[in-house]
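**Student:** The structure that follows is given in the form of C-alpha cells.
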Amino acid sequence: MGKGRYLLKRLIYIVFVFFIISILMFWIYKSMPGDPVDIMLGSSKTTMKPDAYQALYEKTKASLGLDHPLPIQYFAWMGNMLTGHFGYSTQYKQEVINVIGAPMLNTVLLNLLTMVVVFVISIPLGIATAVRKNGAFDKSVQVLTIVGYSIPTFIIALLSIFLLAVKFPIFPISGVQTAGSTATGLAAIGDKLWHMALPVLVMSVSGIGGITRYVRAAMIDVLRMDYIKTARAKGLREKTVIYIHAFRNALIPVVTVTTWWVVGLFGGSIVIESVFLWPGLGKMLIDGLLQRDFAVVLTMQMFYVVLSLAGNVIMDVAYTMVDPRVRLDS
C-alpha cells in the first residue's frame, strides 16, 4: 500500500513538472530568432514573385498551425504530443515521428553499450581498489580515474580520433557503417560495432573514472563497519564478506550516482554524436537547432525531460531493491 501511494504521488509530481517544463521550453524556443517558415521555403523567396511567395508563406504558416496565438499553439502541440503526433519537421519535410525512429535506435544502442562497458569495468575495479586500499594498484587506478574524470569529453574524443583513427587507423572516424557496405547478418552487426567502438570508448572514460571512485569510497566506508569485522571473525570466506555483505550495503550511494550518470549520459552523447557524426538524437538535436526545426527540437528536449523525471522514480525504487530497510512511503 505504501509503495502504491508513493508511486501515485510521484506520478502526480512528474505530470506537474512535465507540464511546467513543457511550457517553459515552448516559450523559449518560440522566442528564439529566426522564422521556421522562411527556412522551410528555402530559396523560394528569391525565385517567386512577392505576392505569390506571400500567399505560399501564409498557406504554409497556416498548415503548420503557426498562425494562431501562442497559447493555442502550445495546447495544440501538447495535445498532439500526448497522442503520439510530434509535429511536422520543417527540415526533413515530413512528420517528426517518421524521422526519429532510426536516430533514437542509434542513440539507445550507443548508450546501452557504453553502460555495459562502464559497469563491467568500474564496479569490479572499484571493489578491487577498496580491498587493496593505499596499495600500488589502488594508487595507480586513482591517478588514472582522476585523469579520465577530469579531462573534458570532447578533448578525449579529439585525442582518440588522432591516435586511433588517424595516427594508427584502427577504427573509423565517423559514421554508423562502412560506406557502400552491403553486409548482412553478423557481418553487418560486426561492422556497426566497429564503428561504435571509438564513440563508446570516449563516452566510457569519464563514466569509468567517476563510478570507480564512488564504488571505492562506498566500499571503504562499509568495510570499516563492525558487522564486516564480525562476519570475518565468524570465518566467512573473504569473497562472501566482500561481495555479499559489503557490496550490497555499499550500493545505495552507488545507485544514486549511477542513476544520474545514466540520465546524463543520454544528454552528454549529444557532443559525441556531433564529433563522430553518429546519426543519433544528439546530432538531430544540433541540426534542428541550427535549422530552427522547432518540432524536432521540442520533441528531443521533452524526451530528455521524461528521461530525467523517470530517473528520479527509478532511483527511489532501486533503493528499496538494494536495501529493504528503505521505505518509499517515508
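Letters A, B, ... go to the chains of the C-alpha cells in the order shown; residues in each chain start at 1; ligands are counted from 1 in the same order.
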Compile the contact shell of Tyr214 in chain A as number ranges by chain: residues with an atom at most 8 Å away, counting only C-alpha atoms, same-chain residues fewer than 2 positions apart removed.

**Tutor:** A: 126, 210-212, 216-218, 253-254, 257

**Student:** Which residues of range 156-244 of chain A come within 8 Å of range 91-112 of chain A, and what is each one's closest atom pair and distance in Å (one decimal), counting only C-alpha atoms, sorted by chain and residue number, as a tab-separated table?

**Tutor:**
residue	atom	partner	partner_atom	distance
A:Met196	CA	A:Leu110	CA	6.9
A:Pro199	CA	A:Leu110	CA	7.8
A:Val200	CA	A:Leu110	CA	6.6

**Student:** Hey, can you spit out that residue selection with N, CA and C atoms as a PDB file, in the first residue's frame?

**Tutor:**
ATOM      1  N   MET A 196      31.031   1.769 -33.728  1.00  0.00           N
ATOM      2  CA  MET A 196      30.633   2.246 -32.412  1.00  0.00           C
ATOM      3  C   MET A 196      31.793   2.250 -31.424  1.00  0.00           C
ATOM      4  N   PRO A 199      33.375   5.900 -30.365  1.00  0.00           N
ATOM      5  CA  PRO A 199      32.467   6.702 -29.532  1.00  0.00           C
ATOM      6  C   PRO A 199      32.211   6.081 -28.160  1.00  0.00           C
ATOM      7  N   VAL A 200      32.052   4.766 -28.112  1.00  0.00           N
ATOM      8  CA  VAL A 200      31.814   4.088 -26.829  1.00  0.00           C
ATOM      9  C   VAL A 200      33.036   4.225 -25.922  1.00  0.00           C
TER      10      VAL A 200
END

**Student:** I need the residues in range 66-99 of chain A that are strand (DSSP E or B) according to DSSP; give them as a ChimeraX atom specification.

**Tutor:** /A:88-89,94-95

**Student:** I want to know what sits within 12 Å of Leu82 in chain A, based on only C-alpha atoms, with residues of the same chain fewer than 6 positions away left out; could you give that as a list of chain:residue names?

**Tutor:**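 In the requested form, the answer reads A:Val15, A:Phe18, A:Phe19, A:Ser22, A:Phe75, A:Ala76, A:Thr299, A:Met302.
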
**Student:** Please, could you write that set of residues out with C-alpha atoms as an mmCIF file, in the first residue's frame?

**Tutor:**
data_model
loop_
_atom_site.group_PDB
_atom_site.id
_atom_site.type_symbol
_atom_site.label_atom_id
_atom_site.label_comp_id
_atom_site.auth_asym_id
_atom_site.auth_seq_id
_atom_site.Cartn_x
_atom_site.Cartn_y
_atom_site.Cartn_z
ATOM 1 C CA VAL A 15 2.994 15.148 -14.599
ATOM 2 C CA PHE A 18 6.431 17.821 -17.104
ATOM 3 C CA PHE A 19 3.809 20.430 -17.981
ATOM 4 C CA SER A 22 6.986 21.967 -21.434
ATOM 5 C CA PHE A 75 -2.206 23.359 -26.372
ATOM 6 C CA ALA A 76 -2.355 22.055 -29.940
ATOM 7 C CA THR A 299 10.402 16.541 -29.209
ATOM 8 C CA MET A 302 10.849 16.553 -23.926
#

**Student:** Excluding Ala165 in chain A and residues on its chain fewer than 2 positions from it, collect all residues at most 12 Å away from it, counting only C-alpha atoms, and give them as a list in words.

**Tutor:**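 Residues meeting the cut-off are Ala157, Leu158, Leu159, Ser160, Ile161, Phe162, Leu163, Lys167, Phe168, Pro169, Ile170, Phe171, Pro172, Ile173, Ser174, Trp194, His195, Ala197, Leu198, Pro199 and Phe276 of chain A.
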
**Student:** For Gly209 in chain A, list every protein, DNA or RNA residue within 8 Å, evaluated using only C-alpha atoms, and leave out those in the same chain fewer than 6 positions away; present the list as a VMD selection string.

**Tutor:** chain A and resid 122 144 to 149

**Student:** Give me a file of those residues, with all heavy atoms, as a PDB file, in the first residue's frame.

**Tutor:**
ATOM      1  N   SER A 122      33.964  -0.683 -14.127  1.00  0.00           N
ATOM      2  CA  SER A 122      34.084   0.191 -12.949  1.00  0.00           C
ATOM      3  C   SER A 122      33.718  -0.488 -11.642  1.00  0.00           C
ATOM      4  O   SER A 122      34.372  -0.256 -10.615  1.00  0.00           O
ATOM      5  CB  SER A 122      33.227   1.445 -13.143  1.00  0.00           C
ATOM      6  OG  SER A 122      31.859   1.109 -13.254  1.00  0.00           O
ATOM      7  N   LEU A 144      44.721   7.262 -12.669  1.00  0.00           N
ATOM      8  CA  LEU A 144      44.086   7.107 -13.982  1.00  0.00           C
ATOM      9  C   LEU A 144      42.627   7.572 -13.965  1.00  0.00           C
ATOM     10  O   LEU A 144      42.172   8.226 -14.916  1.00  0.00           O
ATOM     11  CB  LEU A 144      44.162   5.647 -14.430  1.00  0.00           C
ATOM     12  CG  LEU A 144      45.569   5.112 -14.745  1.00  0.00           C
ATOM     13  CD1 LEU A 144      45.511   3.624 -15.052  1.00  0.00           C
ATOM     14  CD2 LEU A 144      46.183   5.875 -15.909  1.00  0.00           C
ATOM     15  N   THR A 145      41.904   7.249 -12.889  1.00  0.00           N
ATOM     16  CA  THR A 145      40.492   7.642 -12.838  1.00  0.00           C
ATOM     17  C   THR A 145      40.338   9.153 -12.681  1.00  0.00           C
ATOM     18  O   THR A 145      39.415   9.745 -13.248  1.00  0.00           O
ATOM     19  CB  THR A 145      39.762   6.927 -11.683  1.00  0.00           C
ATOM     20  OG1 THR A 145      40.477   7.141 -10.460  1.00  0.00           O
ATOM     21  CG2 THR A 145      39.651   5.446 -11.960  1.00  0.00           C
ATOM     22  N   ILE A 146      41.234   9.773 -11.916  1.00  0.00           N
ATOM     23  CA  ILE A 146      41.182  11.237 -11.777  1.00  0.00           C
ATOM     24  C   ILE A 146      41.432  11.903 -13.124  1.00  0.00           C
ATOM     25  O   ILE A 146      40.737  12.852 -13.511  1.00  0.00           O
ATOM     26  CB  ILE A 146      42.209  11.721 -10.729  1.00  0.00           C
ATOM     27  CG1 ILE A 146      41.772  11.318  -9.328  1.00  0.00           C
ATOM     28  CG2 ILE A 146      42.364  13.241 -10.792  1.00  0.00           C
ATOM     29  CD1 ILE A 146      42.786  11.621  -8.252  1.00  0.00           C
ATOM     30  N   VAL A 147      42.402  11.402 -13.859  1.00  0.00           N
ATOM     31  CA  VAL A 147      42.708  11.955 -15.189  1.00  0.00           C
ATOM     32  C   VAL A 147      41.515  11.763 -16.117  1.00  0.00           C
ATOM     33  O   VAL A 147      41.073  12.695 -16.806  1.00  0.00           O
ATOM     34  CB  VAL A 147      43.970  11.292 -15.775  1.00  0.00           C
ATOM     35  CG1 VAL A 147      44.152  11.714 -17.227  1.00  0.00           C
ATOM     36  CG2 VAL A 147      45.194  11.671 -14.953  1.00  0.00           C
ATOM     37  N   GLY A 148      40.955  10.550 -16.150  1.00  0.00           N
ATOM     38  CA  GLY A 148      39.825  10.270 -17.029  1.00  0.00           C
ATOM     39  C   GLY A 148      38.585  11.056 -16.672  1.00  0.00           C
ATOM     40  O   GLY A 148      37.836  11.494 -17.549  1.00  0.00           O
ATOM     41  N   TYR A 149      38.382  11.281 -15.370  1.00  0.00           N
ATOM     42  CA  TYR A 149      37.197  12.004 -14.903  1.00  0.00           C
ATOM     43  C   TYR A 149      37.327  13.507 -15.129  1.00  0.00           C
ATOM     44  O   TYR A 149      36.330  14.208 -15.296  1.00  0.00           O
ATOM     45  CB  TYR A 149      36.998  11.705 -13.418  1.00  0.00           C
ATOM     46  CG  TYR A 149      35.727  12.250 -12.832  1.00  0.00           C
ATOM     47  CD1 TYR A 149      34.503  11.669 -13.137  1.00  0.00           C
ATOM     48  CD2 TYR A 149      35.747  13.333 -11.965  1.00  0.00           C
ATOM     49  CE1 TYR A 149      33.326  12.158 -12.596  1.00  0.00           C
ATOM     50  CE2 TYR A 149      34.573  13.839 -11.417  1.00  0.00           C
ATOM     51  CZ  TYR A 149      33.366  13.243 -11.738  1.00  0.00           C
ATOM     52  OH  TYR A 149      32.199  13.735 -11.212  1.00  0.00           O
TER      53      TYR A 149
END

**Student:** Point out the residue among A:Tyr53, A:Phe303, A:Phe247, A:Trp261 with the least atom-to-atom distance to Ile21 in chain A, counting only C-alpha atoms.

**Tutor:**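 Counting only C-alpha atoms, the residue closest to Ile21 in chain A is A:Phe303.
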
**Student:** So which one's closest to Ser150 in chain A, A:Asn249, A:Thr60, A:Ser206, A:Thr182? Using only C-alpha atoms, please.

**Tutor:** A:Ser206

**Student:** So, with only C-alpha atoms as the atoms that count, which of A:Tyr88, A:Ala136, A:Met315, A:Asp293 lies closest to Tyr29 in chain A?

**Tutor:**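 Between A:Tyr88, A:Ala136, A:Met315, A:Asp293, the residue approaching Tyr29 in chain A most closely is A:Asp293.
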
**Student:** Could you pull out the residues in range 135-307 of chain A that DSSP calls alpha helix (DSSP H) from the backbone, as a ChimeraX atom specification?

**Tutor:** /A:136-150,153-161,186-223,226-233,238-240,247-249,251-275,281-290,294-307
